[in-house]
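**Student:** Below is the file data.tsv, which contains TSV, C-alpha atoms and all ligand atoms.
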```
chain	number	residue	atom	x	y	z
A	12	MET	CA	1.14	177.53	46.06
A	13	ALA	CA	2.04	174.71	43.68
A	14	PHE	CA	-0.17	171.72	43.15
A	15	HIS	CA	1.46	168.67	41.64
A	16	ALA	CA	-1.37	166.76	40.03
A	17	ALA	CA	0.79	163.78	39.07
A	18	GLY	CA	1.24	162.48	42.59
A	19	GLY	CA	-1.75	164.25	44.10
A	20	VAL	CA	0.65	165.80	46.60
A	21	ARG	CA	0.19	169.39	47.54
A	22	GLU	CA	3.25	171.39	48.41
A	23	GLU	CA	3.30	175.03	49.45
A	24	GLU	CA	6.63	176.70	48.80
A	25	GLY	CA	8.35	173.37	49.27
A	26	GLN	CA	6.29	172.50	52.33
A	27	ILE	CA	4.32	169.32	52.52
A	28	VAL	CA	0.64	169.67	53.36
A	29	ARG	CA	-0.34	166.39	54.96
A	30	GLN	CA	-3.54	164.69	53.86
A	31	SER	CA	-4.05	161.93	56.44
A	32	PRO	CA	-2.00	159.46	58.48
A	33	TRP	CA	0.16	157.00	56.55
A	34	PRO	CA	-0.09	154.39	55.36
A	35	TYR	CA	-3.22	154.84	53.31
A	36	THR	CA	-6.09	153.33	55.25
A	37	HIS	CA	-9.11	153.69	53.00
A	38	GLY	CA	-8.64	150.37	51.28
A	39	LYS	CA	-8.60	151.78	47.79
A	40	PHE	CA	-5.73	149.59	46.63
A	41	ASN	CA	-5.02	146.34	48.44
A	42	ASN	CA	-5.73	147.97	51.79
A	43	GLY	CA	-3.28	150.77	51.26
A	44	ILE	CA	-0.45	148.83	49.66
A	45	VAL	CA	0.81	150.87	46.72
A	46	GLY	CA	3.41	149.48	44.29
A	47	LEU	CA	6.65	151.24	43.36
A	48	THR	CA	7.90	151.10	39.77
A	49	ASN	CA	11.33	149.66	39.12
A	50	ARG	CA	13.52	152.45	37.76
A	51	GLY	CA	16.39	150.11	36.88
A	52	LEU	CA	17.93	147.91	39.60
A	53	THR	CA	15.83	149.65	42.26
A	54	CYS	CA	14.00	146.57	43.61
A	55	CYS	CA	16.02	146.60	46.84
A	56	VAL	CA	15.26	150.26	47.54
A	57	ASN	CA	11.58	149.62	46.71
A	58	ALA	CA	11.30	146.62	49.05
A	59	LEU	CA	12.99	148.55	51.84
A	60	LEU	CA	10.76	151.61	51.35
A	61	GLN	CA	7.70	149.35	51.51
A	62	SER	CA	8.93	147.86	54.78
A	63	PHE	CA	9.16	151.38	56.25
A	64	PHE	CA	5.89	152.62	54.76
A	65	LEU	CA	3.95	149.62	56.03
A	66	THR	CA	5.23	149.92	59.59
A	67	PRO	CA	2.74	152.31	61.26
A	68	GLU	CA	5.04	152.62	64.31
A	69	PHE	CA	7.70	154.05	61.95
A	70	THR	CA	5.42	156.29	59.91
A	71	SER	CA	3.68	157.72	62.97
A	72	ILE	CA	7.06	159.06	64.15
A	73	LEU	CA	8.17	160.21	60.70
A	74	GLN	CA	4.89	161.99	60.16
A	75	ARG	CA	5.75	164.41	62.97
A	76	TRP	CA	8.61	165.67	60.80
A	77	ASP	CA	8.16	169.43	60.76
A	78	GLN	CA	9.48	171.45	57.81
A	79	ARG	CA	9.58	174.61	59.93
A	80	ARG	CA	12.22	173.09	62.21
A	81	GLU	CA	14.02	170.81	59.77
A	82	VAL	CA	15.94	171.00	56.49
A	83	ALA	CA	13.64	170.60	53.49
A	84	ASP	CA	15.87	170.04	50.48
A	85	ASP	CA	16.43	167.34	47.87
A	86	ARG	CA	19.23	165.76	49.93
A	87	ASN	CA	17.28	165.36	53.16
A	88	ILE	CA	16.27	161.72	53.74
A	89	PRO	CA	13.32	162.30	56.14
A	90	TYR	CA	11.90	165.10	53.99
A	91	ASN	CA	12.05	163.06	50.78
A	92	MET	CA	10.71	159.96	52.50
A	93	CYS	CA	7.77	162.12	53.66
A	94	ARG	CA	7.26	163.41	50.12
A	95	LEU	CA	7.28	159.89	48.68
A	96	PHE	CA	4.92	158.55	51.34
A	97	GLU	CA	2.53	161.41	50.58
A	98	GLN	CA	2.63	160.41	46.92
A	99	MET	CA	1.95	156.77	47.84
A	100	GLN	CA	-0.89	157.88	50.09
A	101	ALA	CA	-2.49	159.99	47.39
A	102	SER	CA	-1.90	157.59	44.50
A	103	MET	CA	-4.84	157.34	42.11
A	104	SER	CA	-3.37	154.42	40.19
A	105	GLY	CA	-1.98	152.21	42.96
A	106	VAL	CA	1.56	152.60	41.61
A	107	VAL	CA	4.04	155.44	42.03
A	108	SER	CA	7.67	156.08	41.16
A	109	ALA	CA	10.20	156.49	43.98
A	110	GLU	CA	12.23	158.88	41.81
A	111	ILE	CA	12.42	161.67	44.40
A	112	PHE	CA	13.81	159.27	46.99
A	113	LEU	CA	16.23	157.67	44.51
A	114	ASN	CA	17.50	161.14	43.66
A	115	CYS	CA	17.86	161.89	47.38
A	116	LEU	CA	19.92	158.72	47.86
A	117	THR	CA	22.22	159.77	44.99
A	118	LEU	CA	22.74	163.17	46.64
A	119	ASN	CA	23.76	161.26	49.80
A	120	ARG	CA	26.32	159.32	47.74
A	121	VAL	CA	24.29	156.12	47.89
A	122	LYS	CA	24.07	154.60	44.42
A	123	ALA	CA	20.36	154.20	43.76
A	124	HIS	CA	20.50	152.20	40.53
A	125	ARG	CA	22.65	149.24	41.46
A	126	GLN	CA	22.55	145.84	43.15
A	127	HIS	CA	22.33	146.33	46.91
A	128	ASP	CA	22.35	144.10	49.93
A	129	ALA	CA	19.02	144.83	51.66
A	130	GLU	CA	20.53	144.62	55.13
A	131	GLU	CA	23.39	147.00	54.31
A	132	LEU	CA	20.99	149.39	52.61
A	133	PHE	CA	18.69	149.30	55.64
A	134	LEU	CA	21.59	150.28	57.92
A	135	THR	CA	22.76	153.02	55.52
A	136	VAL	CA	19.32	154.58	55.08
A	137	PHE	CA	18.40	154.26	58.75
A	138	ASN	CA	21.64	155.89	59.95
A	139	LEU	CA	21.24	158.71	57.39
A	140	LEU	CA	17.67	159.20	58.61
A	141	LEU	CA	18.82	159.42	62.25
A	142	ASP	CA	21.62	161.82	61.30
A	143	GLN	CA	19.33	164.13	59.40
A	144	LEU	CA	16.50	164.35	61.93
A	145	LEU	CA	17.23	167.62	63.71
A	146	ASN	CA	14.54	167.08	66.33
A	147	PRO	CA	16.40	165.07	69.02
A	148	GLU	CA	13.24	163.55	70.53
A	149	MET	CA	12.13	162.25	67.15
A	150	ALA	CA	15.57	160.85	66.35
A	151	GLU	CA	15.68	159.16	69.75
A	152	GLU	CA	12.21	157.68	69.35
A	153	MET	CA	13.03	156.42	65.87
A	154	LYS	CA	16.26	154.83	67.09
A	155	ARG	CA	14.52	153.10	69.98
A	156	LEU	CA	11.97	151.57	67.63
A	157	TYR	CA	14.57	149.08	66.28
A	158	GLU	CA	17.16	149.11	69.06
A	159	ILE	CA	18.33	145.78	70.49
A	160	LYS	CA	20.49	146.44	73.55
A	161	VAL	CA	23.07	143.80	74.35
A	162	GLU	CA	25.86	143.22	76.79
A	163	GLU	CA	29.01	142.01	75.08
A	164	PHE	CA	31.50	140.02	77.13
A	165	VAL	CA	35.02	138.82	76.39
A	166	LYS	CA	36.61	136.24	78.71
A	167	CYS	CA	40.28	135.33	78.62
A	168	GLN	CA	41.48	131.82	79.45
A	169	CYS	CA	43.11	133.34	82.57
A	170	GLY	CA	39.64	134.22	83.84
A	171	LYS	CA	39.73	137.98	83.24
A	172	MET	CA	36.41	139.20	81.91
A	173	SER	CA	35.48	142.51	80.27
A	174	VAL	CA	31.91	143.58	79.66
A	175	LYS	CA	30.57	146.46	77.61
A	176	ASP	CA	27.14	147.64	76.50
A	177	SER	CA	26.35	147.98	72.85
A	178	SER	CA	23.31	148.05	70.62
A	179	MET	CA	22.23	147.01	67.16
A	180	CYS	CA	19.23	147.75	64.99
A	181	SER	CA	19.24	144.26	63.47
A	182	LEU	CA	20.55	140.85	64.46
A	183	PRO	CA	22.73	139.11	61.86
A	184	LEU	CA	21.80	135.45	62.25
A	185	PRO	CA	23.91	132.54	60.99
A	186	VAL	CA	22.36	130.23	58.41
A	187	VAL	CA	23.51	126.64	58.82
A	188	GLU	CA	23.77	124.62	55.62
A	189	THR	CA	21.38	121.68	55.79
A	190	GLN	CA	20.04	119.19	53.26
A	191	SER	CA	16.48	118.80	54.48
A	192	ARG	CA	13.71	121.35	54.52
A	193	GLY	CA	12.61	122.62	57.90
A	194	SER	CA	15.51	121.06	59.79
A	195	PHE	CA	17.02	124.41	60.76
A	196	LYS	CA	14.80	126.83	62.63
A	197	LEU	CA	15.00	130.57	63.24
A	198	GLU	CA	15.01	129.91	67.00
A	199	GLU	CA	18.20	127.83	66.55
A	200	ALA	CA	19.82	130.63	64.53
A	201	LEU	CA	19.02	133.04	67.39
A	202	LYS	CA	20.54	130.65	69.95
A	203	LEU	CA	23.66	130.28	67.77
A	204	PHE	CA	24.06	134.04	67.59
A	205	PHE	CA	24.02	134.30	71.39
A	206	MET	CA	26.21	131.24	71.97
A	207	PRO	CA	29.71	132.27	73.17
A	208	GLN	CA	32.27	132.00	70.37
A	209	ASP	CA	35.81	130.74	70.76
A	210	LEU	CA	38.11	133.41	69.34
A	211	SER	CA	41.45	131.77	68.85
A	212	GLN	CA	44.21	131.85	66.23
A	213	ASN	CA	43.88	135.05	64.17
A	214	ASN	CA	41.09	136.50	66.34
A	215	GLN	CA	42.91	136.45	69.65
A	216	CYS	CA	42.60	139.49	71.91
A	217	TYR	CA	45.11	141.36	74.01
A	218	CYS	CA	44.71	140.65	77.74
A	219	SER	CA	46.29	143.15	80.13
A	220	ASP	CA	46.65	140.51	82.87
A	221	CYS	CA	48.47	138.07	80.59
A	222	ASP	CA	50.18	140.98	78.74
A	223	ARG	CA	49.81	139.25	75.40
A	224	LYS	CA	47.22	138.22	72.83
A	225	CYS	CA	45.21	135.27	74.13
A	226	PRO	CA	42.41	133.00	72.93
A	227	VAL	CA	39.14	134.34	74.39
A	228	MET	CA	35.44	133.50	74.53
A	229	GLN	CA	33.16	136.25	73.23
A	230	GLY	CA	29.40	136.41	73.57
A	231	PHE	CA	26.30	138.54	73.93
A	232	LYS	CA	23.45	138.74	76.42
A	233	LEU	CA	20.22	140.61	75.85
A	234	VAL	CA	19.53	143.73	77.86
A	235	SER	CA	16.36	144.94	76.16
A	236	VAL	CA	14.39	144.31	73.00
A	237	PRO	CA	12.60	146.78	70.67
A	238	LYS	CA	9.10	147.20	69.28
A	239	ILE	CA	10.30	146.23	65.81
A	240	LEU	CA	12.70	143.29	65.70
A	241	ASN	CA	14.78	143.13	62.51
A	242	LEU	CA	16.33	139.71	61.94
A	243	HIS	CA	18.81	139.33	59.10
A	244	LEU	CA	19.39	135.82	57.76
A	245	ASN	CA	23.05	135.91	56.82
A	246	ARG	CA	22.77	134.01	53.55
A	247	PHE	CA	25.89	135.42	51.91
A	248	ARG	CA	29.08	133.73	52.96
A	249	ALA	CA	32.32	135.68	52.65
A	250	PRO	CA	35.17	134.13	50.65
A	251	SER	CA	37.39	131.91	52.79
A	252	SER	CA	40.46	132.43	50.58
A	253	SER	CA	41.64	134.60	47.71
A	254	TRP	CA	40.49	131.85	45.26
A	255	ASP	CA	37.04	131.69	46.81
A	256	PHE	CA	34.04	133.97	46.09
A	257	ILE	CA	30.92	135.15	47.93
A	258	ARG	CA	28.38	132.32	48.05
A	259	LYS	CA	24.67	132.40	48.72
A	260	ILE	CA	23.34	129.81	51.18
A	261	TYR	CA	20.03	128.49	49.86
A	262	SER	CA	19.38	126.16	52.82
A	263	SER	CA	16.03	126.15	54.57
A	264	VAL	CA	15.45	128.37	57.62
A	265	SER	CA	11.92	127.92	58.91
A	266	PHE	CA	10.48	130.82	60.86
A	267	PRO	CA	7.26	131.12	62.87
A	268	GLU	CA	4.52	133.72	62.68
A	269	THR	CA	4.79	134.11	66.46
A	270	LEU	CA	8.23	134.24	68.03
A	271	ASN	CA	9.22	134.17	71.70
A	272	LEU	CA	12.62	135.35	72.87
A	273	ASP	CA	12.31	133.86	76.35
A	274	GLN	CA	14.97	131.18	75.69
A	275	LEU	CA	17.79	133.64	74.92
A	276	PRO	CA	20.44	134.65	77.48
A	277	ILE	CA	19.63	137.82	79.36
A	278	SER	CA	22.12	140.03	81.20
A	279	GLU	CA	22.22	140.12	85.00
A	280	LYS	CA	21.74	143.88	84.84
A	281	ALA	CA	18.49	143.43	82.92
A	282	GLN	CA	17.31	140.82	85.41
A	283	LYS	CA	18.06	143.13	88.34
A	284	CYS	CA	16.12	145.93	86.63
A	285	GLY	CA	13.17	143.58	86.34
A	286	ASN	CA	13.44	143.64	82.56
A	287	GLY	CA	12.21	140.06	82.31
A	288	GLN	CA	11.45	138.11	79.18
A	289	ASP	CA	7.79	137.43	79.93
A	290	GLY	CA	6.60	139.99	77.42
A	291	TRP	CA	9.14	139.29	74.69
A	292	HIS	CA	6.61	137.96	72.20
A	293	TYR	CA	6.59	138.99	68.54
A	294	HIS	CA	4.38	138.63	65.47
A	295	LEU	CA	5.87	138.45	62.00
A	296	TYR	CA	4.63	141.21	59.67
A	297	ALA	CA	7.19	141.56	56.86
A	298	VAL	CA	9.60	139.29	55.00
A	299	LEU	CA	12.11	140.77	52.54
A	300	THR	CA	13.12	138.12	50.05
A	301	HIS	CA	16.05	137.73	47.69
A	302	ALA	CA	15.88	135.69	44.49
A	303	GLY	CA	18.93	134.88	42.41
A	304	ASN	CA	22.56	134.43	43.40
A	305	SER	CA	25.37	136.37	45.06
A	306	ILE	CA	26.10	138.34	41.87
A	307	PHE	CA	22.68	139.21	40.55
A	308	GLY	CA	19.33	139.08	42.30
A	309	HIS	CA	15.91	140.55	42.83
A	310	TYR	CA	14.24	141.73	46.04
A	311	THR	CA	10.55	141.65	46.90
A	312	VAL	CA	8.64	141.96	50.16
A	313	TYR	CA	5.77	140.05	51.76
A	314	VAL	CA	3.79	142.17	54.21
A	315	LYS	CA	0.89	141.51	56.51
A	316	SER	CA	-1.71	144.25	56.30
A	317	PHE	CA	-2.47	145.69	59.72
A	318	LYS	CA	-5.93	146.47	58.38
A	319	ASP	CA	-7.22	143.08	57.22
A	320	SER	CA	-4.42	140.84	58.63
A	321	MET	CA	-3.94	139.33	55.16
A	322	TRP	CA	-0.53	138.75	53.60
A	323	TYR	CA	0.40	140.64	50.41
A	324	HIS	CA	3.33	140.19	48.07
A	325	VAL	CA	4.82	143.45	46.78
A	326	ASN	CA	7.08	142.91	43.77
A	327	ASP	CA	7.99	146.45	42.65
A	328	SER	CA	4.77	147.73	41.07
A	329	TYR	CA	2.88	144.42	41.38
A	330	VAL	CA	0.83	143.78	44.51
A	331	SER	CA	-1.01	140.51	45.08
A	332	GLN	CA	-2.73	138.85	48.02
A	333	VAL	CA	-1.05	135.64	49.19
A	334	GLN	CA	-1.41	132.99	51.90
A	335	TRP	CA	0.90	131.90	54.72
A	336	GLU	CA	1.69	128.83	52.57
A	337	ASP	CA	3.30	131.21	50.03
A	338	ILE	CA	5.46	132.73	52.77
A	339	ARG	CA	6.54	129.24	53.86
A	340	LYS	CA	7.94	128.73	50.35
A	341	THR	CA	10.50	131.47	51.10
A	342	PHE	CA	12.10	129.35	53.85
A	343	GLU	CA	14.62	128.14	51.27
A	344	GLY	CA	15.83	128.61	47.72
A	345	ARG	CA	17.52	126.56	45.02
A	346	VAL	CA	20.67	127.13	43.04
A	347	TYR	CA	19.92	128.28	39.46
A	348	SER	CA	16.34	129.16	40.33
A	349	TRP	CA	14.55	132.42	40.96
A	350	ASP	CA	12.74	131.32	44.10
A	351	ASP	CA	12.12	134.08	46.64
A	352	THR	CA	14.27	133.25	49.65
A	353	ALA	CA	13.66	134.98	52.99
A	354	TYR	CA	16.47	137.39	53.82
A	355	MET	CA	15.17	139.95	56.35
A	356	LEU	CA	12.38	139.26	58.83
A	357	LEU	CA	10.51	142.03	60.63
A	358	TYR	CA	8.65	141.11	63.79
A	359	LYS	CA	6.41	143.39	65.83
A	360	ARG	CA	6.35	143.13	69.60
A	361	VAL	CA	3.02	142.06	71.05
A	362	GLU	CA	3.58	143.16	74.63
A	363	GLN	CA	6.12	145.46	76.19
A	364	THR	CA	7.81	145.58	79.55
A	365	GLY	CA	10.47	148.00	80.70
A	366	ALA	CA	12.01	151.00	79.03
A	367	VAL	CA	14.62	150.85	76.30
A	368	THR	CA	17.44	153.38	76.24
A	369	SER	CA	19.78	154.49	73.51
A	370	PRO	CA	23.41	153.67	72.73
A	371	ALA	CA	25.99	156.29	73.70
A	372	ASP	CA	27.24	157.11	70.20
A	373	GLY	CA	23.83	157.29	68.57
A	374	HIS	CA	24.84	155.07	65.63
A	375	TYR	CA	24.32	151.49	64.72
A	376	ARG	CA	27.25	149.59	63.44
A	377	ASP	CA	27.12	147.29	60.47
A	378	GLY	CA	25.62	144.10	61.81
A	379	ALA	CA	26.75	141.97	58.86
A	380	SER	CA	29.52	140.30	60.84
A	381	ARG	CA	30.14	139.57	64.48
A	382	PRO	CA	31.88	142.59	65.98
A	383	GLN	CA	35.55	142.09	66.69
A	384	ALA	CA	36.22	141.83	70.40
A	385	ALA	CA	38.20	144.70	71.84
A	386	GLY	CA	41.26	144.05	73.98
A	387	LEU	CA	40.65	143.24	77.61
A	401	ZN	ZN	44.35	136.75	80.30
```
Can you present the structure in this file as structure tokens?
Ligand SMILES: [Zn+2]

**Tutor:**
Amino acid sequence: MAFHAAGGVREEEGQIVRQSPWPYTHGKFNNGIVGLTNRGLTCCVNALLQSFFLTPEFTSILQRWDQRREVADDRNIPYNMCRLFEQMQASMSGVVSAEIFLNCLTLNRVKAHRQHDAEELFLTVFNLLLDQLLNPEMAEEMKRLYEIKVEEFVKCQCGKMSVKDSSMCSLPLPVVETQSRGSFKLEEALKLFFMPQDLSQNNQCYCSDCDRKCPVMQGFKLVSVPKILNLHLNRFRAPSSSWDFIRKIYSSVSFPETLNLDQLPISEKAQKCGNGQDGWHYHLYAVLTHAGNSIFGHYTVYVKSFKDSMWYHVNDSYVSQVQWEDIRKTFEGRVYSWDDTAYMLLYKRVEQTGAVTSPADGHYRDGASRPQAAGL
């Protein structure tokens, strides 16, 4: 048996011996919030790891990871996430290094020490996690935790309509450029996402009835919503020409602590199944923020402790208690400033109705852009 005093984590022949449920609940450091040192451009990985660690619904599934039935090596994402969370749990100083997880990312060909987009990194890590969980029930449960099921429709001008089911583990929401603070709300961004889009010109789709590419309307309707709702504020605008460059949108997007999804379009199928929107209420519990510009930036995370219901700001190894007023400051940013600007919002469902099922292919696609409509 080896005992690694540094992290306080006990491992027997490579096997983790669990101490107690994560995250740490004894209130030793900021009610269980343990900082992660920056190992060189690792702020994004740190913020993302904190968002996983401080989601008890996530950790309670991950904690069932069983080394006797799984692969326990340096490349395995769930195993090394478990090892890191054990270190965080057992930390005597309130700060640990995520080195074992950074090394694991490198072995999975994910560059650990570089500028990342938090949303892209979330999708990469989450898909790797699902791939590497050998226990199918666990993988399924983990997938369902974030799964937003939608019905995607494409309607040709001739009237022909095609509908297909798909799912996402985050919603990429448009950020409208405004001048005044508070004038654009998260609820409006959600409505814009679900508003049918006119795909004409270069985005036309082939219609078998018209036997040619036609302008179409494409849109989404909700089928079911998950326990953890991941909303991505799409603040980085792709270049519109070869002379253009990626821009960050600093405009204000105000978001509420309590969010209702009852105004969004719901599919007929969901209505028939009685999967109504009455219980689609959410509470905000984490905000990943980005400071800086489209070339160089810094990520931090604001999290609401499930233990004392207070907000904390986790900036790599620094943890401090904050107020809702501090979170409100992340609604917007300013050019040439290092203001924290909200980028990813994590909401937790208050009530639940109906069952959520999985997508057929078991993978989430990159939600950074609206999916291209398939031919009719
Ligand atoms: Zn047509």

**Student:** Between atom CA of Glu148 of chain A and atom CA of Lys238 of chain A, what is the distance in Å, rounded to a tenth?

**Tutor:**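 Computed distance, atom CA of Glu148 of chain A to atom CA of Lys238 of chain A, equals 16.9 Å.
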
**Student:** What is the atom CA of Tyr313 of chain A-atom CA of Asn42 of chain A distance in Å, reported with one decimal?

**Tutor:**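 Separation of atom CA of Tyr313 of chain A and atom CA of Asn42 of chain A: 14.0 Å.
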
**Student:** Using all atoms listed in the file, which of the listed residues (A:Ser348, A:Ser263, A:Gln168, A:Ser331) sits closest to ligand ZN 401 (chain A)?

**Tutor:**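 Distance minimum relative to ligand ZN 401 (chain A) lands on A:Gln168.
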
**Student:** So which residues touch segment 239-254 of chain A within 10 Å, counting all atoms listed in the file, skipping near sequence neighbours fewer than 4 positions away, as an NGL selection string?

**Tutor:** :A and (66 or 68-69 or 128-130 or 155-159 or 179-188 or 197 or 200-201 or 258-262 or 264 or 293-299 or 301 or 304-305 or 352-361 or 378-380)

**Student:** Would you mind telling me which residue in A:Glu131, A:Glu151, A:Asp77, A:Asp220 lies nearest to ligand ZN 401 (chain A) when using all atoms listed in the file?

**Tutor:**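 Between A:Glu131, A:Glu151, A:Asp77, A:Asp220, the residue approaching ligand ZN 401 (chain A) most closely is A:Asp220.
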
**Student:** How many Å separate atom CA of Thr311 of chain A from atom CA of Glu198 of chain A?

**Tutor:**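 Value for the atom CA of Thr311 of chain A-atom CA of Glu198 of chain A distance: 23.7 Å.
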
**Student:** Would you list the residues that come within 10 Å of ligand ZN 401 (chain A)? Count only C-alpha atoms and all ligand atoms and give the answer as a list in words.

**Tutor:**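 Here is the list of contacting residues: Lys166, Cys167, Gln168, Cys169, Gly170, Lys171, Met172, Cys216, Tyr217, Cys218, Ser219, Asp220, Cys221, Asp222, Arg223, Lys224, Cys225, Pro226, Val227 and Leu387 of chain A.
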
**Student:** Hey, what's within 10 Å of Asn119 of chain A if we count only C-alpha atoms and toss same-chain stuff fewer than 2 positions away? As a PyMOL selection string, please?

**Tutor:** chain A and resi 85-88+113-117+121-123+136+139

**Student:** Measuring between all atoms listed in the file, which one of A:Ala58, A:Gln212, A:Ala302, A:Ile257 shows the shortest distance to His324 of chain A?

**Tutor:**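 Closest to His324 of chain A, using all atoms listed in the file: A:Ala58.
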
**Student:** Go through A:Val330, A:Val174, A:Val325, A:Val107 one by one, measure the shortest atom-to-atom distance of each to Ser278 of chain A using all atoms listed in the file, and give the residue with the smallest value.

**Tutor:**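 Of all the options, A:Val174 lies closest to Ser278 of chain A.
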
**Student:** Between A:Ile72, A:Leu118, A:Leu47, A:Leu275, which is the closest to Leu203 of chain A once you count all atoms listed in the file?

**Tutor:** A:Leu275

**Student:** Measuring between all atoms listed in the file, which one of A:Val106, A:Val161, A:Leu140, A:Cys93 shows the shortest distance to Thr48 of chain A?

**Tutor:** A:Val106

**Student:** Let me have the centre and edge lengths in Å, one decimal, of the box along x, y and z around every listed atom of segment 289-301 of chain A with 8 Å of margin on each side, as JSON.

**Tutor:**
```
{"center_x": 10.2, "center_y": 139.5, "center_z": 63.8, "size_x": 27.7, "size_y": 20.1, "size_z": 48.2}
```
